[in-house]
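The data block below is structure-v1.txt; it holds compact mmCIF, C-alpha atoms and all ligand atoms.
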```txt
# COMPACT_ATOMS: atom_id res chain seq x y z
CA MET P 1 31.36 6.36 -30.02
CA ALA P 2 28.64 5.13 -32.36
CA ASP P 3 24.94 5.24 -31.56
CA ARG P 4 22.60 2.43 -32.59
CA LYS P 5 19.05 2.80 -33.74
CA ILE P 6 16.75 0.01 -32.64
CA VAL P 7 13.78 -0.60 -34.93
CA PRO P 8 11.19 -2.63 -33.03
CA GLY P 9 9.44 -5.77 -34.20
CA GLY P 10 10.35 -8.95 -36.05
CA ALA P 11 11.23 -12.31 -34.55
CA LEU P 12 14.49 -14.05 -33.72
CA ARG P 13 15.05 -17.32 -35.54
CA GLY P 14 17.92 -19.72 -35.99
CA GLU P 15 21.08 -20.67 -34.17
CA ALA P 16 23.92 -18.74 -32.63
CA THR P 17 27.33 -19.48 -31.19
CA LEU P 18 28.69 -16.79 -28.92
CA PRO P 19 32.08 -15.30 -28.08
CA GLY P 20 33.96 -17.21 -25.39
CA ASP P 21 33.06 -16.75 -21.73
CA LYS P 22 34.64 -13.64 -20.26
CA SER P 23 35.01 -14.91 -16.69
CA ILE P 24 36.59 -18.20 -17.72
CA SER P 25 38.92 -16.52 -20.22
CA HIS P 26 40.38 -14.18 -17.59
CA ARG P 27 41.17 -17.11 -15.32
CA TYR P 28 42.70 -19.29 -18.02
CA ALA P 29 44.91 -16.42 -19.16
CA ILE P 30 46.23 -15.61 -15.70
CA LEU P 31 46.85 -19.22 -14.69
CA ALA P 32 48.43 -20.03 -18.07
CA ALA P 33 50.84 -17.13 -17.48
CA LEU P 34 51.81 -18.52 -14.05
CA ALA P 35 52.16 -22.09 -15.32
CA GLU P 36 55.22 -23.82 -16.73
CA GLY P 37 54.99 -24.44 -20.48
CA ALA P 38 52.61 -23.19 -23.12
CA SER P 39 48.81 -23.22 -22.99
CA GLU P 40 46.79 -23.07 -26.18
CA ILE P 41 43.37 -21.62 -25.37
CA ARG P 42 40.72 -22.08 -28.04
CA HIS P 43 37.73 -19.75 -28.33
CA PHE P 44 39.29 -17.25 -25.90
CA ALA P 45 36.85 -14.38 -25.26
CA ALA P 46 37.04 -11.59 -27.82
CA ALA P 47 35.70 -9.23 -25.13
CA ASP P 48 37.64 -5.98 -24.58
CA ASP P 49 37.93 -6.87 -20.88
CA CYS P 50 39.89 -10.04 -21.63
CA ALA P 51 42.15 -8.19 -24.07
CA ARG P 52 43.09 -6.01 -21.07
CA THR P 53 44.08 -9.03 -19.04
CA LEU P 54 46.28 -10.20 -21.92
CA SER P 55 47.98 -6.82 -22.35
CA CYS P 56 48.64 -6.58 -18.60
CA LEU P 57 50.20 -10.06 -18.68
CA GLU P 58 52.36 -9.00 -21.64
CA ALA P 59 53.52 -5.95 -19.67
CA LEU P 60 54.55 -8.44 -16.95
CA GLY P 61 56.79 -10.26 -19.43
CA VAL P 62 54.46 -13.02 -20.60
CA GLU P 63 54.41 -13.97 -24.28
CA VAL P 64 50.92 -14.09 -25.82
CA ARG P 65 50.37 -15.28 -29.41
CA ARG P 66 47.05 -14.40 -30.97
CA GLU P 67 45.35 -16.28 -33.79
CA PRO P 68 41.76 -15.82 -34.99
CA ASP P 69 40.24 -18.73 -33.06
CA ARG P 70 42.80 -19.24 -30.28
CA ILE P 71 45.60 -17.73 -28.29
CA THR P 72 48.76 -19.31 -26.93
CA ILE P 73 50.26 -18.14 -23.66
CA VAL P 74 53.82 -19.10 -22.85
CA GLY P 75 53.85 -19.51 -19.08
CA VAL P 76 56.70 -18.10 -17.03
CA GLY P 77 56.11 -20.16 -13.87
CA LEU P 78 55.08 -18.94 -10.44
CA ASP P 79 58.20 -16.79 -10.01
CA GLY P 80 58.74 -15.66 -13.59
CA LEU P 81 56.79 -12.40 -13.90
CA ARG P 82 58.92 -9.29 -14.59
CA THR P 83 58.67 -5.76 -13.22
CA PRO P 84 56.32 -3.90 -15.59
CA GLY P 85 57.81 -0.76 -17.10
CA VAL P 86 54.38 0.88 -17.15
CA ASP P 87 51.24 1.15 -15.05
CA LEU P 88 49.03 -1.85 -15.73
CA ASP P 89 45.80 -0.65 -17.37
CA ALA P 90 42.72 -2.81 -16.74
CA GLY P 91 40.52 -0.54 -18.87
CA ASN P 92 36.88 -1.13 -17.90
CA SER P 93 37.60 -4.53 -16.36
CA GLY P 94 37.12 -4.85 -12.60
CA THR P 95 37.85 -8.58 -12.91
CA THR P 96 41.28 -7.91 -14.45
CA LEU P 97 42.15 -5.42 -11.76
CA ARG P 98 40.98 -7.42 -8.75
CA MET P 99 42.40 -10.75 -9.90
CA LEU P 100 45.77 -9.32 -10.92
CA ALA P 101 45.99 -7.48 -7.58
CA GLY P 102 46.07 -10.90 -5.91
CA VAL P 103 48.89 -12.06 -8.17
CA LEU P 104 50.92 -8.85 -7.86
CA ALA P 105 50.68 -8.68 -4.07
CA GLY P 106 52.96 -11.72 -3.87
CA GLN P 107 55.69 -10.61 -6.32
CA ARG P 108 59.19 -9.41 -5.58
CA PHE P 109 58.58 -6.13 -7.38
CA ASP P 110 56.27 -3.14 -7.11
CA SER P 111 53.52 -2.38 -9.60
CA THR P 112 50.57 -0.08 -10.21
CA LEU P 113 47.15 -1.22 -11.37
CA THR P 114 44.74 1.27 -12.85
CA GLY P 115 41.84 1.50 -15.31
CA ASP P 116 39.31 3.78 -16.97
CA SER P 117 37.13 6.32 -15.14
CA SER P 118 34.52 3.64 -14.33
CA VAL P 119 37.08 1.22 -12.85
CA GLN P 120 38.55 4.09 -10.84
CA ARG P 121 35.19 4.34 -9.05
CA ARG P 122 34.97 0.61 -8.19
CA PRO P 123 35.45 -0.36 -4.53
CA MET P 124 38.74 -2.07 -3.75
CA ARG P 125 38.79 -2.18 0.06
CA ARG P 126 37.13 -5.57 -0.27
CA ILE P 127 40.41 -6.94 -1.67
CA VAL P 128 42.86 -4.55 -0.03
CA ASP P 129 41.77 -5.52 3.51
CA PRO P 130 42.18 -9.31 3.18
CA LEU P 131 45.34 -8.97 1.08
CA THR P 132 46.76 -6.73 3.82
CA ARG P 133 45.98 -9.49 6.31
CA MET P 134 48.10 -11.75 4.11
CA GLY P 135 50.95 -9.27 4.60
CA ALA P 136 50.48 -7.31 1.36
CA ARG P 137 51.33 -3.61 1.14
CA ILE P 138 48.85 -1.79 -1.07
CA GLU P 139 48.03 1.89 -1.37
CA ALA P 140 44.65 2.80 -2.82
CA ARG P 141 43.24 6.25 -3.52
CA ASP P 142 41.29 7.22 -0.38
CA GLY P 143 41.99 3.68 0.86
CA GLU P 144 39.33 2.42 -1.57
CA TYR P 145 39.79 3.25 -5.25
CA PRO P 146 42.27 2.53 -8.05
CA PRO P 147 45.01 3.21 -8.92
CA LEU P 148 46.39 0.55 -6.60
CA ARG P 149 50.07 0.86 -5.82
CA ILE P 150 51.21 -2.64 -4.87
CA HIS P 151 54.51 -3.28 -3.08
CA GLY P 152 55.25 -6.97 -3.61
CA VAL P 153 56.05 -8.99 -0.45
CA ALA P 154 56.16 -12.60 0.74
CA LEU P 155 52.53 -13.40 1.59
CA ARG P 156 51.22 -15.57 4.41
CA PRO P 157 48.12 -17.73 4.08
CA ILE P 158 44.87 -16.76 5.80
CA ARG P 159 41.38 -18.04 6.37
CA TYR P 160 38.97 -15.38 5.19
CA GLU P 161 35.20 -15.09 5.19
CA THR P 162 34.19 -12.70 2.42
CA PRO P 163 31.59 -10.19 3.68
CA VAL P 164 30.30 -9.49 0.13
CA PRO P 165 29.35 -12.32 -2.21
CA SER P 166 31.97 -11.76 -4.90
CA ALA P 167 33.75 -14.23 -7.14
CA GLN P 168 36.31 -11.54 -7.87
CA VAL P 169 37.24 -11.21 -4.20
CA LYS P 170 37.39 -14.99 -3.78
CA SER P 171 39.51 -15.32 -6.91
CA CYS P 172 41.85 -12.51 -5.90
CA LEU P 173 42.58 -14.24 -2.58
CA LEU P 174 43.00 -17.69 -4.10
CA LEU P 175 45.45 -16.27 -6.65
CA ALA P 176 47.34 -14.53 -3.84
CA GLY P 177 47.28 -17.85 -2.00
CA LEU P 178 49.32 -19.38 -4.83
CA PHE P 179 52.27 -17.34 -3.54
CA ALA P 180 51.80 -18.07 0.20
CA GLU P 181 53.36 -21.12 1.91
CA GLY P 182 50.52 -23.15 3.46
CA ALA P 183 46.75 -23.31 3.02
CA THR P 184 44.67 -20.27 2.07
CA THR P 185 40.96 -20.71 2.85
CA VAL P 186 38.19 -18.53 1.44
CA VAL P 187 34.67 -18.91 2.80
CA GLU P 188 31.78 -17.16 1.04
CA PRO P 189 28.33 -16.27 2.38
CA VAL P 190 26.65 -17.27 -0.88
CA PRO P 191 28.24 -19.55 -3.49
CA THR P 192 29.47 -17.48 -6.42
CA ARG P 193 30.84 -18.62 -9.78
CA ASP P 194 33.52 -21.25 -9.23
CA HIS P 195 35.60 -20.92 -12.41
CA THR P 196 38.75 -20.10 -10.44
CA GLU P 197 38.47 -23.24 -8.32
CA LEU P 198 37.89 -25.40 -11.42
CA ALA P 199 40.71 -23.77 -13.37
CA LEU P 200 43.21 -24.02 -10.49
CA THR P 201 42.51 -27.75 -10.26
CA GLU P 202 42.85 -28.09 -14.03
CA PHE P 203 46.29 -26.43 -13.99
CA GLY P 204 47.45 -28.85 -11.28
CA ALA P 205 47.01 -26.89 -8.03
CA ARG P 206 45.77 -28.74 -4.94
CA LEU P 207 42.41 -27.29 -4.03
CA ALA P 208 39.90 -28.78 -1.62
CA ARG P 209 36.30 -27.66 -1.44
CA GLY P 210 33.86 -27.75 1.43
CA PRO P 211 30.42 -26.21 1.83
CA GLY P 212 30.95 -22.58 0.83
CA ALA P 213 34.73 -22.89 1.19
CA ALA P 214 37.78 -23.31 -1.04
CA ILE P 215 41.14 -24.32 0.46
CA LEU P 216 44.22 -23.91 -1.70
CA ALA P 217 47.66 -25.38 -0.96
CA GLY P 218 50.20 -22.63 -1.69
CA ARG P 219 53.24 -22.70 -4.01
CA PRO P 220 52.01 -25.38 -6.42
CA ARG P 221 53.67 -26.11 -9.76
CA LEU P 222 51.14 -25.21 -12.41
CA ALA P 223 51.40 -26.94 -15.76
CA GLY P 224 50.43 -25.32 -19.08
CA ARG P 225 47.75 -27.20 -21.00
CA PRO P 226 45.33 -26.99 -23.90
CA LEU P 227 42.01 -25.38 -23.00
CA ASP P 228 38.73 -24.56 -24.69
CA VAL P 229 36.39 -21.79 -23.53
CA PRO P 230 32.62 -22.31 -23.88
CA GLY P 231 30.34 -19.55 -25.18
CA ASP P 232 29.42 -16.90 -22.62
CA VAL P 233 26.16 -17.83 -20.90
CA SER P 234 25.71 -14.25 -19.68
CA SER P 235 25.69 -13.14 -23.33
CA ALA P 236 23.27 -15.96 -24.18
CA VAL P 237 20.75 -14.56 -21.68
CA PHE P 238 20.47 -11.34 -23.73
CA LEU P 239 19.52 -13.32 -26.84
CA MET P 240 17.12 -15.47 -24.85
CA ALA P 241 15.47 -12.33 -23.54
CA ALA P 242 15.13 -10.98 -27.08
CA ALA P 243 13.31 -14.18 -28.05
CA LEU P 244 10.98 -13.66 -25.08
CA VAL P 245 10.20 -10.07 -26.12
CA LEU P 246 9.42 -10.85 -29.77
CA PRO P 247 6.44 -13.18 -30.49
CA GLY P 248 7.22 -15.91 -33.00
CA SER P 249 10.87 -16.20 -31.98
CA GLU P 250 12.61 -19.55 -31.79
CA LEU P 251 16.32 -19.66 -31.07
CA THR P 252 19.06 -22.12 -30.12
CA VAL P 253 22.37 -20.99 -28.64
CA ARG P 254 25.03 -23.66 -29.14
CA ASP P 255 28.02 -24.64 -27.02
CA VAL P 256 27.47 -22.21 -24.22
CA GLY P 257 28.90 -22.60 -20.69
CA LEU P 258 26.41 -24.28 -18.36
CA ASN P 259 28.38 -24.25 -15.12
CA PRO P 260 25.61 -24.50 -12.48
CA THR P 261 26.98 -21.42 -10.67
CA ARG P 262 26.13 -19.38 -13.79
CA THR P 263 22.71 -20.66 -14.91
CA ALA P 264 20.42 -19.20 -12.23
CA ALA P 265 18.97 -16.62 -14.63
CA ILE P 266 18.00 -19.32 -17.13
CA GLU P 267 16.32 -21.22 -14.31
CA PHE P 268 14.52 -18.05 -13.24
CA LEU P 269 13.27 -17.45 -16.80
CA ALA P 270 11.99 -21.03 -16.92
CA SER P 271 10.28 -20.57 -13.54
CA MET P 272 8.44 -17.55 -15.01
CA GLY P 273 7.08 -19.79 -17.77
CA ALA P 274 9.66 -19.22 -20.51
CA PRO P 275 9.75 -22.21 -22.90
CA VAL P 276 13.43 -23.03 -22.39
CA ASN P 277 15.24 -26.28 -23.06
CA VAL P 278 18.79 -26.77 -21.74
CA THR P 279 20.91 -29.71 -22.94
CA VAL P 280 24.30 -30.40 -21.39
CA THR P 281 26.45 -31.94 -24.12
CA GLY P 282 29.68 -32.39 -22.18
CA THR P 283 32.16 -31.11 -19.62
CA ILE P 284 35.63 -29.80 -20.44
CA ALA P 285 38.06 -28.85 -17.68
CA GLY P 286 35.25 -29.16 -15.15
CA GLU P 287 33.06 -26.68 -17.04
CA ALA P 288 29.70 -28.06 -18.22
CA ARG P 289 28.59 -26.84 -21.64
CA GLY P 290 25.76 -27.41 -24.02
CA ASP P 291 22.86 -25.89 -25.93
CA VAL P 292 20.03 -23.63 -24.83
CA ALA P 293 16.85 -23.48 -26.88
CA VAL P 294 14.14 -20.89 -26.24
CA ARG P 295 10.83 -20.01 -27.87
CA TYR P 296 8.66 -16.95 -27.35
CA GLY P 297 6.15 -17.43 -24.56
CA PRO P 298 4.38 -15.16 -22.11
CA LEU P 299 6.29 -14.46 -18.89
CA GLU P 300 4.66 -14.39 -15.50
CA GLY P 301 7.07 -12.06 -13.68
CA GLY P 302 8.47 -12.54 -10.20
CA VAL P 303 10.90 -11.56 -7.47
CA VAL P 304 14.66 -12.16 -7.35
CA SER P 305 16.07 -11.89 -3.83
CA GLY P 306 18.52 -13.36 -1.33
CA ALA P 307 21.21 -15.71 -2.62
CA ALA P 308 19.56 -15.79 -6.06
CA SER P 309 20.45 -12.12 -6.60
CA ALA P 310 24.14 -12.86 -6.12
CA LYS P 311 23.96 -15.89 -8.39
CA MET P 312 22.52 -13.92 -11.31
CA ILE P 313 24.20 -10.61 -10.60
CA ASP P 314 25.28 -10.04 -14.23
CA GLU P 315 21.89 -11.02 -15.63
CA LEU P 316 19.83 -8.75 -13.35
CA PRO P 317 19.93 -5.79 -15.78
CA MET P 318 18.40 -7.95 -18.51
CA LEU P 319 15.81 -9.43 -16.15
CA ALA P 320 14.83 -5.96 -14.93
CA ALA P 321 14.44 -4.74 -18.53
CA LEU P 322 12.14 -7.71 -19.21
CA GLY P 323 9.81 -6.43 -16.46
CA PRO P 324 7.44 -4.56 -18.83
CA TYR P 325 7.10 -7.76 -20.87
CA THR P 326 5.85 -9.83 -17.92
CA ARG P 327 2.38 -10.12 -16.42
CA ARG P 328 3.28 -9.21 -12.83
CA GLY P 329 6.49 -7.25 -13.30
CA ILE P 330 9.96 -7.95 -11.92
CA THR P 331 11.25 -7.02 -8.49
CA ILE P 332 14.92 -7.30 -7.61
CA LEU P 333 16.03 -7.17 -3.97
CA ASP P 334 19.27 -7.86 -2.05
CA ALA P 335 21.32 -6.67 -4.99
CA ARG P 336 23.13 -3.66 -3.56
CA GLU P 337 26.20 -4.77 -5.53
CA LEU P 338 24.47 -3.50 -8.67
CA ARG P 339 25.26 0.01 -7.42
CA VAL P 340 29.03 -0.59 -7.76
CA LYS P 341 29.28 -2.35 -11.11
CA GLU P 342 30.48 -0.73 -14.37
CA SER P 343 27.79 1.87 -13.60
CA ASP P 344 25.26 2.28 -10.81
CA ARG P 345 23.05 -0.25 -12.55
CA ILE P 346 20.04 0.37 -10.32
CA ALA P 347 19.98 4.06 -11.20
CA ALA P 348 20.84 3.42 -14.86
CA LEU P 349 18.04 0.87 -15.29
CA ALA P 350 15.38 2.87 -13.47
CA ASP P 351 16.25 6.00 -15.46
CA ASN P 352 16.38 4.36 -18.89
CA LEU P 353 13.30 2.19 -18.35
CA ARG P 354 11.34 5.27 -17.31
CA ARG P 355 12.53 7.06 -20.47
CA MET P 356 10.75 4.30 -22.39
CA GLY P 357 7.59 4.82 -20.39
CA ALA P 358 7.97 1.82 -18.06
CA ARG P 359 7.06 2.18 -14.41
CA ALA P 360 10.37 1.53 -12.66
CA GLU P 361 11.39 2.47 -9.15
CA ALA P 362 14.91 2.34 -7.76
CA LEU P 363 15.33 0.83 -4.29
CA ALA P 364 18.45 0.97 -2.13
CA ASP P 365 19.28 -2.65 -2.98
CA GLY P 366 17.34 -3.29 -6.18
CA LEU P 367 14.40 -2.07 -8.21
CA THR P 368 10.80 -2.77 -9.09
CA VAL P 369 9.62 -2.73 -12.68
CA ALA P 370 5.88 -2.91 -13.33
CA GLY P 371 4.48 -5.53 -15.68
CA ARG P 372 2.78 -5.25 -19.03
CA ARG P 373 0.34 -2.38 -19.51
CA PRO P 374 -2.21 -1.84 -22.28
CA GLU P 375 0.02 0.69 -24.03
CA PRO P 376 3.43 -0.64 -25.21
CA LEU P 377 6.74 0.98 -24.27
CA GLY P 378 7.62 4.04 -26.29
CA GLY P 379 10.86 4.68 -28.13
CA ALA P 380 13.56 6.57 -26.21
CA GLU P 381 17.06 7.98 -26.21
CA ILE P 382 18.97 5.50 -24.05
CA ASP P 383 22.06 6.51 -22.09
CA PRO P 384 23.86 3.31 -21.08
CA ARG P 385 26.39 5.28 -18.99
CA GLY P 386 29.24 3.41 -20.68
CA ASP P 387 27.97 0.12 -19.26
CA HIS P 388 27.84 -2.82 -21.67
CA ARG P 389 25.09 -4.67 -19.87
CA ILE P 390 22.83 -1.61 -19.66
CA ALA P 391 23.32 -0.97 -23.40
CA MET P 392 22.38 -4.55 -24.30
CA ALA P 393 19.50 -4.88 -21.82
CA MET P 394 17.91 -1.66 -23.04
CA ALA P 395 18.44 -2.59 -26.71
CA ILE P 396 16.42 -5.76 -26.11
CA ALA P 397 13.69 -3.88 -24.24
CA ALA P 398 13.55 -1.45 -27.19
CA LEU P 399 12.87 -4.32 -29.63
CA GLY P 400 9.37 -4.63 -28.17
CA ALA P 401 8.57 -0.89 -28.08
CA ALA P 402 6.05 0.96 -30.24
CA ARG P 403 8.64 3.26 -31.84
CA ASP P 404 12.36 3.39 -32.67
CA SER P 405 14.92 3.97 -29.92
CA THR P 406 18.53 5.09 -29.98
CA ILE P 407 21.21 3.52 -27.79
CA HIS P 408 23.94 6.10 -27.32
CA ASP P 409 27.57 4.96 -27.22
CA ALA P 410 26.39 1.47 -28.06
CA ASP P 411 29.96 0.30 -28.78
CA CYS P 412 30.40 -0.33 -25.07
CA ALA P 413 28.66 -3.69 -25.64
CA ALA P 414 32.06 -4.95 -26.87
CA VAL P 415 33.29 -4.97 -23.27
CA SER P 416 31.66 -8.40 -22.95
CA PHE P 417 29.88 -9.18 -26.25
CA PRO P 418 31.67 -7.89 -29.34
CA GLY P 419 29.36 -8.26 -32.32
CA PHE P 420 26.21 -8.13 -30.17
CA PHE P 421 24.24 -5.90 -32.55
CA GLU P 422 25.42 -7.79 -35.62
CA CYS P 423 24.42 -11.07 -33.96
CA LEU P 424 20.95 -9.69 -33.23
CA ASP P 425 20.60 -8.44 -36.81
CA ARG P 426 21.58 -11.82 -38.19
CA LEU P 427 19.01 -13.62 -36.03
CA LEU P 428 16.22 -11.14 -36.63
CA GLU P 429 14.10 -11.90 -39.65
CA ARG P 430 14.73 -8.42 -40.98
CA ARG P 431 17.38 -5.85 -40.16
CA GLN P 432 16.46 -4.09 -36.93
CA THR P 433 19.44 -2.15 -35.67
CA ALA P 434 21.62 0.35 -37.47
CA SER P 435 24.67 2.47 -36.70
CA THR P 436 23.77 6.15 -36.75
C1 LIG P 501 32.98 -11.82 -12.15
C2 LIG P 501 32.34 -11.70 -10.95
C3 LIG P 501 31.23 -10.77 -10.73
C4 LIG P 501 30.63 -10.31 -12.04
C5 LIG P 501 31.65 -9.90 -13.05
C6 LIG P 501 32.58 -11.06 -13.35
C7 LIG P 501 34.09 -12.77 -12.26
O1 LIG P 501 31.70 -9.64 -10.03
O2 LIG P 501 29.73 -9.25 -11.81
O3 LIG P 501 31.02 -9.51 -14.25
O4 LIG P 501 34.52 -13.07 -13.40
O5 LIG P 501 34.57 -13.23 -11.22
P1 LIG P 501 31.76 -9.61 -8.42
O6 LIG P 501 32.71 -10.65 -8.00
O7 LIG P 501 32.24 -8.23 -8.08
O8 LIG P 501 30.35 -9.85 -7.98
```

Give the structure from the file, written as structure tokens.
Ligand code: S3P
Amino acid sequence: MADRKIVPGGALRGEATLPGDKSISHRYAILAALAEGASEIRHFAAADDCARTLSCLEALGVEVRREPDRITIVGVGLDGLRTPGVDLDAGNSGTTLRMLAGVLAGQRFDSTLTGDSSVQRRPMRRIVDPLTRMGARIEARDGEYPPLRIHGVALRPIRYETPVPSAQVKSCLLLAGLFAEGATTVVEPVPTRDHTELALTEFGARLARGPGAAILAGRPRLAGRPLDVPGDVSSAVFLMAAALVLPGSELTVRDVGLNPTRTAAIEFLASMGAPVNVTVTGTIAGEARGDVAVRYGPLEGGVVSGAASAKMIDELPMLAALGPYTRRGITILDARELRVKESDRIAALADNLRRMGARAEALADGLTVAGRRPEPLGGAEIDPRGDHRIAMAMAIAALGAARDSTIHDADCAAVSFPGFFECLDRLLERRQTAST
């Protein structure tokens, strides 16, 4: 695994388009596989996580054709998946594992879902319990962890209130609901990203939505269709943050997803005084998209808590790492879920920020990061713990430090943002990062 040296300073200037949205790509791939006919998906995410979803679908007998700017998935219909000859390997991708578990629970064959050492520490009871209520038979290690051994059965619909705010849990149950006769209802305590609901409707399923609830009519006929994935807004937030660390920066990210369930972090940055301009240019398949422009400007700092923490769960590492670049610092509360992501992100952030000389304190459900001090952050050896978002968040924090830093195993950024360091280098006025 390659390390990356971060040389501080410079300014970000110009325009960027980003790899396709990871969350949307997973959903389009899975629904295209279950549809009748072919779906051509343009700008499908290049992220490693989405490649895992595609290889799992191939192991289930689905044909996937890959071209540089698009993929084509030849759907097999709701009942067309085949017994996989191998264990299905989700790699680092919790989304692949949890969403496919919903699909596999309703098949007429048995299967095993597994992943890398990080995924094997991710909690699964949150899907195993409700799927079991639908009639599924699933064995998990210690009742909680992958590998999941799934014995396919005929599922029954349920009404389920998710105790944790999780789009993956909601999506898992809605996908399982495709195979159950009748209406499956999922109610969530806090609205999470709604890409599954939008994509199901786009593929022809009947889905009704109420406040905090999605109700899916089971056994629909899904129809393959052309699709286009917007740039990943979660990736855009890293570049925006870089522009807010480096004075003189001015950056526009083009054609990025602007689904309102995903833009809370941009709104939070604007509320802290960031000069941000968001322009919605259109909506495709229910997904708003457009351009985000940002200039350097001083940040006030603030607190993220309650429902807001769930809405910007993937952006919290970047916001925390911006703490030392704000006047009042950043406090994150009500974000216990950060402990069970690709790493324990609360511990990883507090540890790595302290290595740079920031004052950061881990809390049970979040962290506090002190604001700007007279002396800048120092350079550090950063251990991202194999977590793409920690690697990228700390790389951005390191751009504003007094001395060089090294991000160990920086390749993990490719889990969601392949080409992240190259993209930064291109936008920076002079070369800042280097493989070591
Ligand atoms: C995702 C949902 C979130 C998020 C993950 C992607 C999705 O996870 O952190 O990166 O695509 O549904 P949870 O549902 O576990 O919060």

Selection as a PyMOL selection string: residues within 10 Å of ligand LIG 501 (chain P) by only C-alpha atoms and all ligand atoms: chain P and resi 21-27+49+93-96+98-99+122-124+126+164-172+192-196+234+310-315+337-338+340-342+389+416

Top pick for closest residue to Leu207 in chain P, considering P:Ile41, P:Leu174, P:Val237, P:Ile150 and counting only C-alpha atoms: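 Looking only at the distances to Leu207 in chain P, the closest residue turns out to be P:Leu174.
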
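Compared by their closest atoms to Leu57 in chain P, and using only C-alpha atoms, the residues P:Asp79, P:Gly37, P:Asp425, P:Leu88 rank with P:Leu88 nearest.
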
Selection near Glu300 in chain P, 12 Å with all atoms listed in the file, sequence-local residues under 4 positions removed, as a list in words: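 Here the qualifying residues turn out to be Leu244, Phe268, Leu269, Ala270, Ser271, Met272, Gly273, Ala274, Pro275, Leu322, Gly323, Pro324, Tyr325, Thr326, Arg327, Arg328, Gly329, Ile330, Ala370, Gly371 and Arg372 of chain P.
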
Counting all atoms listed in the file, the option among P:Ala241, P:Leu155, P:Val62, P:Ala38 closest to Ala223 in chain P: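 Nearest candidate to Ala223 in chain P out of P:Ala241, P:Leu155, P:Val62, P:Ala38: P:Ala38.
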
Which of P:Thr279, P:Ser39, P:Asn92, P:Thr368 sits closest to Ala321 in chain P [using all atoms listed in the file]: P:Thr368

Top pick for closest residue to Leu113 in chain P, considering P:Glu361, P:Asp232, P:Asp142, P:Asp87 and counting only C-alpha atoms: P:Asp87

Shell of 12 Å around Ala414 in chain P, only C-alpha atoms, local chain residues under 6 positions omitted, as number ranges by chain: P: 1-2, 19, 22, 45-51, 92-93, 235, 386-389, 391-392, 420-422

Non-local contacts of Glu36 in chain P (6 Å; all atoms listed in the file; under 5 positions in same chain excluded) as a list in words: Gly75, Val76, Gly77, Ala223 and Gly224 of chain P

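You will find CA of Ile30 in chain P at 17.7 Å from CA of Ala217 in chain P.
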
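Straight-line separation from CA of Glu15 in chain P to CA of Gly378 in chain P: 29.2 Å.
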
Atomic distance CA of Leu427 in chain P - CA of Glu250 in chain P, expressed in Å with one decimal: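 Interatomic distance, CA of Leu427 in chain P to CA of Glu250 in chain P: 9.7 Å.
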
Residue contacts of Val187 in chain P (10 Å, all atoms listed in the file) excluding same-chain residues fewer than 3 positions away, as a ChimeraX atom specification: /P:159-163,165,170,190-191,209-215

Nearest-residue call for Val256 in chain P, choices P:Gly20, P:Ala380, P:Arg156, P:Ile6, using all atoms listed in the file: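 Closest to Val256 in chain P of all the choices is P:Gly20.
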
All residues 7 Å or closer to His43 in chain P, all atoms listed in the file, same chain fewer than 3 positions away omitted, as a list in words: Gly20, Asp69, Arg70, Asp228 and Val229 of chain P

Spatial sel., origin (19.1, -18.4, -40.5), limit 9 Å, only C-alpha atoms, listed as a ChimeraX atom specification: /P:13-15,426-429

Since the input lacks atoms, please generate N, CA and C atoms for range 191-199 of chain P and provide them as an mmCIF file, in the coordinates of the input.
```
data_model
loop_
_atom_site.group_PDB
_atom_site.id
_atom_site.type_symbol
_atom_site.label_atom_id
_atom_site.label_comp_id
_atom_site.auth_asym_id
_atom_site.auth_seq_id
_atom_site.Cartn_x
_atom_site.Cartn_y
_atom_site.Cartn_z
ATOM 1 N N PRO P 191 27.323 -19.033 -2.470
ATOM 2 C CA PRO P 191 28.240 -19.550 -3.490
ATOM 3 C C PRO P 191 28.212 -18.697 -4.750
ATOM 4 N N THR P 192 29.377 -18.248 -5.177
ATOM 5 C CA THR P 192 29.470 -17.480 -6.420
ATOM 6 C C THR P 192 30.157 -18.356 -7.466
ATOM 7 N N ARG P 193 30.272 -17.836 -8.681
ATOM 8 C CA ARG P 193 30.840 -18.620 -9.780
ATOM 9 C C ARG P 193 32.171 -19.259 -9.360
ATOM 10 N N ASP P 194 32.355 -20.522 -9.738
ATOM 11 C CA ASP P 194 33.520 -21.250 -9.230
ATOM 12 C C ASP P 194 34.560 -21.545 -10.318
ATOM 13 N N HIS P 195 34.658 -20.672 -11.312
ATOM 14 C CA HIS P 195 35.600 -20.920 -12.410
ATOM 15 C C HIS P 195 37.053 -20.950 -11.914
ATOM 16 N N THR P 196 37.359 -20.129 -10.913
ATOM 17 C CA THR P 196 38.750 -20.100 -10.440
ATOM 18 C C THR P 196 39.110 -21.433 -9.794
ATOM 19 N N GLU P 197 38.204 -21.958 -8.979
ATOM 20 C CA GLU P 197 38.470 -23.240 -8.320
ATOM 21 C C GLU P 197 38.669 -24.336 -9.374
ATOM 22 N N LEU P 198 37.783 -24.359 -10.377
ATOM 23 C CA LEU P 198 37.890 -25.400 -11.420
ATOM 24 C C LEU P 198 39.178 -25.233 -12.212
ATOM 25 N N ALA P 199 39.517 -23.995 -12.543
ATOM 26 C CA ALA P 199 40.710 -23.770 -13.370
ATOM 27 C C ALA P 199 41.983 -24.079 -12.581
#
```
